[in-house]
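Student: Here it is: the structure, laid out below.
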Amino acid sequence: MSSHDNRLVAAVLTLGLLAAPAFAFDFGRPATPGEIKLWDIDVTPDGKGLPVGGGTVAQGKQVFADNCAACHGDNGQGGIKDRLAGGQGTLASSAPVKTVGSFWPYATTLYDYIHRAMPYPTPGSLSTDDTYAVTAYILSLNGIVPLDGKVDQDSLPKIKMPNRDGFVPEPEFDPAKLFRKK
Amino acid sequence: MTSKTQVESPQRPASVSRRGFVGGLSAGVLGAVATEAAAAQTLAEIPDRGPGADLGAHSERSRFVKIDRIPEAAPGKRNVDPSDAINSKTPHQKLVGNITPTDLHYERSHSGVPDIDPAQHRLLIHGMVRKPLVFSVDDLKRMPSVTRVVFIECTGNGWENWKKADPDLTVQNTHGLVSTNEWTGVPLKFLIGLASKEKNSNWMLAEGGDGAGVDRSIPLTDEIVNEAFVAYGQNGEPLRPAHGFPMRLVMPGFEGNLNIKWLRRLKFGTEPWMTRWETARYTQLLANGKARQFQLRMETNSVITQPSGTMQIQPGYNRISGLAWSGHGKIAKVEISTDGAKIWKQAELNQPVLSKAQVRFQMDWVWDGKPTRIVSRSTDEQGNVQPDRQSFIAAMGSNALFHYNAQQTWSIDEAGRVRNVLA
């Protein structure tokens, strides 16, 4: 940006910030708690955002067969879309296999992603319990949850994924250090 | 590109004087399209003038210009059915100048292109703010705006060449996931002010209204707060649906995936959300099996677009041209080697050179007809130098898949055939 452009931006921003309190009611409208809840779907590693519910591996196997296997293959392998199981121990090889079991650092992300984006044609259409169940099933395919196991809003954040410590933050944007120094 | 493109009198074929170079600019650029027959025509053979077609509501490209993006699926998965495509690449080998035509701006979409009625679209701002707000598209258009030319680059740009170089690739295949447009919208800082963000909130989740609900955590550094904006305009018109209509986040210099399209939610918090996109997807697997995370900035990069993969050149005068860009700021210089990275010469930059935007570079070259390799390397105003492939792979391994910015080498054989090679 030229210095001329910078001045323009600065002028606009100054105007905006000064005007903000007086104009707040002119731009948009307040969001109500009820409508925020409709869209506030994100789940964080500490479990915040997880709805109350749960599901078993056995239930999840059926949910998976009905909704997921067509793209991800039986048992989460060999499908036309992302492989979900296996691959542990391959990340340092010349042909790494990145799956939920070998690569994903947080089990909570699995719930979040299934709920927001899957099944591909009708994202978010699975019930809360079915979403937990299929999450449990995919984790079981990777040996992370036992075959007779289940997950719910309390147990999911406690699962330590095999590759939890497999990530190295880029120093410039390391969450553990950014904004923390004086 | 053909040697029939003459920029000077035949008596001075080897001269690359400054005057001749500048004078020949437009002829040379168009020469890539001109045919040999056209160059031989006398003026008497040029068709007569006459009335043309009716004026239209919008203008189309000439029927003589064939220029398209190409949808692709993944590295090595080309010529796919559009329903299987995950991205669509910009034809840099056919473009001139610094700006990408709107309809040829690359596209990466994770769940197709939603058909959004702007009257039915809202942006929700909530989380650690004192005033959670809902905005319509019209609300945004009434606010103070900024206009800025920036590149947006998919972190997968260059991913064809991590492990091997398919000799039959064009620059569209290798580098078609970066483009530069002019974007207009509302500064993020202004929206943050309206919602009264809490001081201890330093991370923001941006989420799209597509089927995938693509969402990324964005650190609110001074740079990002000062430069990011929510765009509704693209090259002077409303955004195209493929690029986020009716609104998207623009994050100058950062991963394309952070420039959330079809933006519908900004949530403020204190930690990154660890979404699928910033853990399982857009992280770089290193040789030791660890993955680099939050490598959000796009690196210093450049590529020669003319001549480039699958073109054929003739001995004699050739002009080398290409594009350079950096997520760190302005491009300071671009150097070109025509002898396989032994001797480097500085290229000319087409003005204006803008921060975090692509800039075209060019240089005269007289090819002696012997097989060689041509390569460019850029340096940005922060002093970052685009790495050679060997040092780049030594640092990153070959499994990273994203953030490939090694120097791109094109080989030229004795017949003038230009091919993609690793170095």
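By convention in this document, the chains of the structure tokens carry letters A, B, ... by their order, each chain's residues are numbered from 1, and ligands are numbered from 1 in the order they are shown.
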Pick out the chain A residues within 8 Å of chain B. Count only C-alpha atoms. Give them as JSON, numbers by chain.
Tutor: {"A": [1, 2, 9, 12, 13, 16, 17, 20, 21, 24, 27, 28, 29, 30, 31, 32, 36, 42, 43, 44, 45, 90, 91, 92, 93, 94, 95, 96, 98, 100, 103, 104, 105, 106, 109, 110, 112, 113, 116, 117, 118, 120, 122, 123, 166, 167, 168, 169, 170, 172, 173, 174, 175, 179]}
Student: Set the distance at 12 Å and use only C-alpha atoms: which residues neighbour range 409-418 of chain B once local chain neighbours fewer than 6 positions away are removed? I'd like the list as a VMD selection string.
Tutor: chain B and resid 1 to 3 161 165 to 171 174 302 to 316 318 320 336 to 341 367 to 377 388 to 390
Student: Looking only at alpha helix (DSSP H) from DSSP on the backbone, list the matching residues of range 51-292 of chain B as a list in words.
Tutor: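 Result set for range 51-292 of chain B (alpha helix (DSSP H)): Val137, Asp138, Asp139, Leu140, Lys141, Val171, Gln172, Asn173, Thr174, His175, Leu188, Lys189, Phe190, Leu191, Ile192, Gly193, Leu194, Ala195, Asp222, Glu223, Ile224, Val225, Asn226, Glu227 and Arg276 of chain B.
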Student: Would you compute the distance between CA of Asp130 in chain A and CA of Ala65 in chain A? Give it in Å to one decimal.
Tutor: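 Those two atoms sit 12.1 Å apart.
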Student: What's the separation between CA of Ile152 in chain B and CA of Val80 in chain B, in Å to one decimal place?
Tutor: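 Spanning CA of Ile152 in chain B to CA of Val80 in chain B is a straight-line distance of 23.7 Å.
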Student: What does the distance between CA of Ala231 in chain B and CA of Lys197 in chain B come to in Å, to one decimal place?
Tutor: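 Computing it gives 20.2 Å between the two atoms.
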Student: Between A:Asp129, A:Asp82, A:Asp40, A:Asp26, which has the minimum distance to Cys68 in chain A (counting only C-alpha atoms)?
Tutor: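 For Cys68 in chain A, the nearest of the candidates is A:Asp82.
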Student: Based on DSSP run over this structure's backbone, return all residues of chain A in strand (DSSP E or B), as a list in words.
Tutor: Arg29, Pro30, Gly54, Gly55, Thr56, Lys150, Val151, Asp152, Phe167, Val168 and Pro169 of chain A
Student: Could you dump the residues just selected with C-alpha atoms as an mmCIF file, in the first residue's frame?
Tutor:
data_model
loop_
_atom_site.group_PDB
_atom_site.id
_atom_site.type_symbol
_atom_site.label_atom_id
_atom_site.label_comp_id
_atom_site.auth_asym_id
_atom_site.auth_seq_id
_atom_site.Cartn_x
_atom_site.Cartn_y
_atom_site.Cartn_z
ATOM 1 C CA ARG A 29 -29.200 -5.029 15.174
ATOM 2 C CA PRO A 30 -28.497 -6.756 18.485
ATOM 3 C CA GLY A 54 -23.896 -39.736 24.009
ATOM 4 C CA GLY A 55 -23.704 -42.819 21.813
ATOM 5 C CA THR A 56 -22.170 -46.278 21.667
ATOM 6 C CA LYS A 150 -19.349 -45.180 24.199
ATOM 7 C CA VAL A 151 -18.643 -41.456 24.242
ATOM 8 C CA ASP A 152 -20.571 -38.514 25.629
ATOM 9 C CA PHE A 167 2.098 -30.750 16.169
ATOM 10 C CA VAL A 168 4.747 -28.044 16.301
ATOM 11 C CA PRO A 169 3.428 -24.483 16.244
#
Student: Just want the 10 Å neighbourhood of Ala73 in chain B, counted on only C-alpha atoms, with same-chain residues fewer than 3 positions away dropped. Output as a list in words.
Tutor: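 Those residues are Gly76, Lys77, Arg78, Asn79, Val80, Asp81, Pro82, Ser83, Asp84, Ala85, Ile86, Asn87 and Ser88 of chain B.
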Student: For the residues selected in the previous step, produce a file with N, CA and C atoms as a compact mmCIF listing (two decimals), in the first residue's frame.
Tutor:
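Result went into out-v8.txt, see below:
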# COMPACT_ATOMS: atom_id res chain seq x y z
N GLY B 76 -1.75 -34.51 -9.20
CA GLY B 76 -1.77 -35.63 -10.14
C GLY B 76 -3.15 -36.05 -10.59
N LYS B 77 -4.19 -35.47 -10.00
CA LYS B 77 -5.55 -35.84 -10.41
C LYS B 77 -6.14 -34.70 -11.23
N ARG B 78 -5.87 -34.76 -12.53
CA ARG B 78 -6.29 -33.69 -13.43
C ARG B 78 -7.36 -34.18 -14.39
N ASN B 79 -7.93 -33.24 -15.13
CA ASN B 79 -8.98 -33.55 -16.09
C ASN B 79 -10.09 -34.37 -15.45
N VAL B 80 -10.51 -33.93 -14.28
CA VAL B 80 -11.53 -34.68 -13.55
C VAL B 80 -12.92 -34.17 -13.88
N ASP B 81 -13.90 -34.99 -13.59
CA ASP B 81 -15.28 -34.57 -13.69
C ASP B 81 -15.48 -33.38 -12.74
N PRO B 82 -16.18 -32.32 -13.19
CA PRO B 82 -16.35 -31.14 -12.32
C PRO B 82 -16.91 -31.48 -10.94
N SER B 83 -17.74 -32.52 -10.85
CA SER B 83 -18.32 -32.86 -9.55
C SER B 83 -17.27 -33.44 -8.60
N ASP B 84 -16.14 -33.89 -9.16
CA ASP B 84 -15.07 -34.41 -8.31
C ASP B 84 -14.00 -33.38 -8.02
N ALA B 85 -14.09 -32.22 -8.67
CA ALA B 85 -13.03 -31.21 -8.52
C ALA B 85 -13.10 -30.58 -7.14
N ILE B 86 -11.93 -30.26 -6.59
CA ILE B 86 -11.88 -29.53 -5.32
C ILE B 86 -11.31 -28.14 -5.51
N ASN B 87 -10.70 -27.91 -6.66
CA ASN B 87 -10.21 -26.56 -6.94
C ASN B 87 -10.22 -26.32 -8.44
N SER B 88 -10.07 -25.06 -8.83
CA SER B 88 -10.07 -24.69 -10.23
C SER B 88 -8.99 -23.63 -10.41
